[in-house]
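input21.tsv (TSV, C-alpha atoms) appears below.
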```tsv
chain	number	residue	atom	x	y	z
A	708	MET	CA	-28.93	-41.23	134.60
A	709	LYS	CA	-30.74	-43.00	131.79
A	710	ILE	CA	-31.20	-41.24	128.49
A	711	THR	CA	-34.61	-41.81	126.98
A	712	VAL	CA	-35.30	-41.32	123.30
A	713	GLN	CA	-38.66	-41.43	121.59
A	714	SER	CA	-37.30	-44.20	119.40
A	715	ALA	CA	-38.77	-44.51	115.94
A	716	THR	CA	-36.05	-46.95	115.02
A	717	SER	CA	-33.53	-49.06	116.86
A	718	VAL	CA	-30.70	-50.99	115.22
A	719	THR	CA	-28.34	-53.37	117.03
A	720	THR	CA	-25.17	-54.71	115.48
A	721	HIS	CA	-22.31	-56.83	116.74
A	722	ALA	CA	-18.87	-55.45	115.88
A	723	GLN	CA	-16.28	-58.21	116.21
A	724	ASN	CA	-13.34	-55.78	116.41
A	725	LEU	CA	-12.24	-52.17	116.16
A	726	ALA	CA	-12.23	-52.27	112.35
A	727	ALA	CA	-15.94	-53.24	112.36
A	728	THR	CA	-16.72	-50.38	114.76
A	729	GLN	CA	-14.83	-47.97	112.50
A	730	SER	CA	-16.71	-49.28	109.46
A	731	LEU	CA	-20.03	-48.52	111.16
A	732	ALA	CA	-18.79	-45.01	111.97
A	733	GLN	CA	-17.80	-44.46	108.34
A	734	GLU	CA	-21.20	-45.61	107.07
A	735	LEU	CA	-22.96	-43.35	109.56
A	736	ALA	CA	-20.74	-40.41	108.56
A	737	ALA	CA	-21.95	-40.81	104.98
A	738	ILE	CA	-25.60	-40.39	105.95
A	739	ALA	CA	-25.31	-37.80	108.74
A	740	ASP	CA	-26.66	-34.31	108.10
A	741	LYS	CA	-25.93	-30.84	109.41
A	742	GLY	CA	-27.86	-30.34	112.62
A	743	ASP	CA	-27.57	-33.98	113.72
A	744	VAL	CA	-26.76	-34.74	117.34
A	745	ILE	CA	-25.05	-38.09	117.93
A	746	ALA	CA	-24.75	-39.20	121.56
A	747	LEU	CA	-22.14	-41.89	122.31
A	748	ARG	CA	-22.81	-43.92	125.47
A	749	GLY	CA	-20.71	-46.63	127.07
A	750	ASP	CA	-18.17	-47.35	129.75
A	751	LEU	CA	-14.51	-46.38	129.50
A	752	GLY	CA	-12.70	-48.31	126.79
A	753	MET	CA	-15.81	-49.30	124.82
A	754	GLY	CA	-14.75	-47.47	121.65
A	755	LYS	CA	-16.62	-44.17	121.78
A	756	SER	CA	-13.56	-42.07	120.93
A	757	ALA	CA	-12.43	-44.52	118.23
A	758	PHE	CA	-15.91	-44.37	116.71
A	759	ALA	CA	-15.89	-40.55	116.78
A	760	ARG	CA	-12.41	-40.45	115.24
A	761	ALA	CA	-13.43	-42.74	112.36
A	762	PHE	CA	-16.63	-40.71	111.85
A	763	ILE	CA	-14.74	-37.40	111.66
A	764	GLN	CA	-12.04	-38.78	109.37
A	765	ALA	CA	-14.69	-40.21	107.05
A	766	ARG	CA	-16.45	-36.83	106.87
A	767	ALA	CA	-13.10	-35.12	106.18
A	768	GLY	CA	-12.46	-37.38	103.19
A	769	VAL	CA	-8.70	-37.21	103.79
A	770	PRO	CA	-6.55	-38.32	106.72
A	771	ILE	CA	-6.58	-35.68	109.46
A	772	GLU	CA	-5.46	-35.70	113.06
A	773	VAL	CA	-8.39	-36.27	115.40
A	774	PRO	CA	-7.28	-36.03	119.04
A	775	SER	CA	-9.57	-37.13	121.82
A	776	PRO	CA	-11.21	-34.18	123.57
A	777	THR	CA	-10.86	-35.90	126.97
A	778	PHE	CA	-8.77	-33.07	128.40
A	779	THR	CA	-9.86	-30.15	126.21
A	780	LEU	CA	-13.52	-31.27	126.52
A	781	VAL	CA	-14.32	-30.06	123.00
A	782	GLN	CA	-12.71	-30.23	119.55
A	783	SER	CA	-14.14	-28.56	116.45
A	784	TYR	CA	-13.43	-29.48	112.85
A	785	GLU	CA	-14.21	-27.13	109.96
A	786	LEU	CA	-14.49	-29.57	107.07
A	787	PRO	CA	-15.58	-29.10	103.45
A	788	SER	CA	-18.73	-31.03	104.41
A	789	GLY	CA	-19.42	-28.67	107.33
A	790	LEU	CA	-18.65	-28.19	110.99
A	791	ILE	CA	-18.30	-31.15	113.37
A	792	THR	CA	-18.02	-30.46	117.08
A	793	HIS	CA	-16.91	-33.34	119.31
A	794	PHE	CA	-17.63	-33.04	123.04
A	795	ASP	CA	-16.26	-35.37	125.73
A	796	LEU	CA	-18.27	-34.62	128.87
A	797	TYR	CA	-16.67	-37.25	131.12
A	798	ARG	CA	-15.03	-34.65	133.38
A	799	LEU	CA	-18.06	-32.34	133.61
A	800	ARG	CA	-19.42	-31.79	137.08
A	801	ASP	CA	-22.61	-30.00	136.11
A	802	ALA	CA	-24.78	-30.13	132.99
A	803	SER	CA	-24.72	-26.34	132.65
A	804	ASP	CA	-20.96	-26.51	132.07
A	805	ALA	CA	-21.59	-28.08	128.65
A	806	TYR	CA	-23.30	-24.92	127.47
A	807	GLU	CA	-20.30	-22.87	128.64
A	808	LEU	CA	-18.21	-25.07	126.31
A	809	GLY	CA	-20.30	-23.89	123.35
A	810	LEU	CA	-22.86	-26.65	122.95
A	811	ASP	CA	-25.47	-24.09	121.87
A	812	ASP	CA	-23.10	-22.67	119.26
A	813	ALA	CA	-22.47	-26.06	117.66
A	814	PHE	CA	-26.03	-26.69	116.45
A	815	GLY	CA	-25.32	-25.55	112.89
A	816	GLY	CA	-23.12	-28.57	112.26
A	817	ILE	CA	-22.92	-32.16	113.40
A	818	ILE	CA	-22.45	-32.70	117.13
A	819	LEU	CA	-20.82	-35.79	118.63
A	820	ILE	CA	-21.23	-36.10	122.41
A	821	GLU	CA	-19.37	-38.66	124.50
A	822	TRP	CA	-20.83	-39.21	127.98
A	823	PRO	CA	-24.18	-37.54	127.10
A	824	GLU	CA	-25.66	-38.69	130.41
A	825	ARG	CA	-23.65	-35.83	131.99
A	826	LEU	CA	-26.22	-33.50	130.40
A	827	GLY	CA	-29.01	-34.94	132.52
A	828	ASP	CA	-32.25	-34.10	130.75
A	829	GLY	CA	-30.46	-31.53	128.58
A	830	LEU	CA	-29.64	-33.72	125.59
A	831	PRO	CA	-30.42	-31.59	122.53
A	832	ARG	CA	-33.36	-32.32	120.20
A	833	ASP	CA	-33.84	-35.52	118.23
A	834	PRO	CA	-30.53	-37.27	118.92
A	835	LEU	CA	-29.16	-40.51	117.62
A	836	VAL	CA	-28.07	-42.38	120.75
A	837	ILE	CA	-25.39	-45.00	120.14
A	838	SER	CA	-24.70	-47.39	123.03
A	839	PHE	CA	-21.53	-49.49	123.22
A	840	VAL	CA	-21.42	-52.57	125.48
A	841	PRO	CA	-18.97	-55.47	125.67
A	842	GLY	CA	-19.44	-58.23	123.11
A	843	ALA	CA	-18.57	-61.91	123.15
A	844	THR	CA	-14.80	-61.33	123.06
A	845	ALA	CA	-12.49	-58.66	124.49
A	846	ASP	CA	-12.43	-56.76	121.18
A	847	ALA	CA	-16.10	-57.22	120.29
A	848	ARG	CA	-18.86	-54.69	120.96
A	849	THR	CA	-22.62	-54.79	120.79
A	850	ILE	CA	-23.66	-51.44	119.39
A	851	THR	CA	-27.24	-50.19	119.51
A	852	LEU	CA	-28.36	-47.12	117.59
A	853	GLU	CA	-31.65	-45.50	118.63
A	854	GLY	CA	-33.14	-42.54	116.85
A	855	GLY	CA	-36.34	-40.63	116.56
A	856	ALA	CA	-38.29	-39.71	113.47
A	857	SER	CA	-35.47	-37.87	111.69
A	858	TRP	CA	-33.31	-40.99	111.93
A	859	ALA	CA	-35.88	-43.63	110.92
A	860	GLY	CA	-35.08	-43.82	107.20
A	861	ARG	CA	-31.35	-43.52	107.71
A	862	LEU	CA	-31.27	-46.30	110.30
A	863	GLU	CA	-33.33	-48.52	108.01
A	864	PHE	CA	-30.66	-47.91	105.37
A	865	LEU	CA	-27.93	-48.92	107.85
A	866	LYS	CA	-29.82	-52.14	108.63
A	867	LEU	CA	-29.29	-53.15	105.02
A	868	LYS	CA	-25.52	-52.73	105.40
A	869	PHE	CA	-25.08	-54.47	108.75
```

Go ahead and render the structure in this file as structure tokens.
Amino acid sequence: MKITVQSATSVTTHAQNLAATQSLAQELAAIADKGDVIALRGDLGMGKSAFARAFIQARAGVPIEVPSPTFTLVQSYELPSGLITHFDLYRLRDASDAYELGLDDAFGGIILIEWPERLGDGLPRDPLVISFVPGATADARTITLEGGASWAGRLEFLKLKF
């Protein structure tokens, strides 16, 4: 299923390796706000979990363990900067199962959602949708960020950095 976003801004960057993907995640972590929903799209192995891990560690400000929620489906992090809830919906069979995992309860903080297409039309509010596709080499990724009105200024700022 295709996720559609009323895109006010779209930014595409080419990450040559994992370090470049992590750098983007760190920059985004610095400008994310409580209440933001960040949807991470891409095939297996495209770097969604690595991006989420770098984002969470950047928000923490200190090294912390950030396991992938592939098997637990959800991991929450109470950080000095606020709550981050990381969902991996790959194994979900039905969109309603995401709400049983506490998606509704996570709206006070930042929400990261891997495999957001599993929600069908249920993607929460004004999300930032980040799509990861293969780049020119095995380690490279083309990363597109699409956001609505609440993301316009922040994505313009990111354009200056990348």

Exercise for review: Give as a list in words every residue, naming chains and numbers as the document does, that has an atom within 12 Å of (-22.0, -29.6, 133.1), counting only C-alpha atoms.
Suggested key: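 Output: Leu780, Phe794, Asp795, Leu796, Tyr797, Arg798, Leu799, Arg800, Asp801, Ala802, Ser803, Asp804, Ala805, Tyr806, Glu807, Leu808, Gly809, Leu810, Trp822, Pro823, Glu824, Arg825, Leu826, Gly827, Asp828, Gly829 and Leu830 of chain A.
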
**Study point:** Pick from A:Asp812, A:Gln729, A:Tyr784, A:Ala739 nearest to Pro834 (chain A), counting all atoms listed in the file
**Key:**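 The answer is A:Ala739, which sits nearest to Pro834 (chain A).
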
**Study point:** Ref. answer, residues at most 10 Å from (-21.2, -46.2, 121.5) with only C-alpha atoms, as a PyMOL selection string
**Key:** chain A and resi 728+732+745-750+753-759+821-822+836-840+848-852

Review point. Just how far from CA of Phe762 (chain A) is CA of Leu731 (chain A), in Å to one decimal?
Key: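 According to the coordinates, CA of Leu731 (chain A) and CA of Phe762 (chain A) are separated by 8.5 Å.
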
**Study point:** Separation of CA of Gln782 (chain A) from CA of Lys741 (chain A), in Å and rounded to one decimal
**Key:**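 Separation between CA of Gln782 (chain A) and CA of Lys741 (chain A): 16.7 Å.
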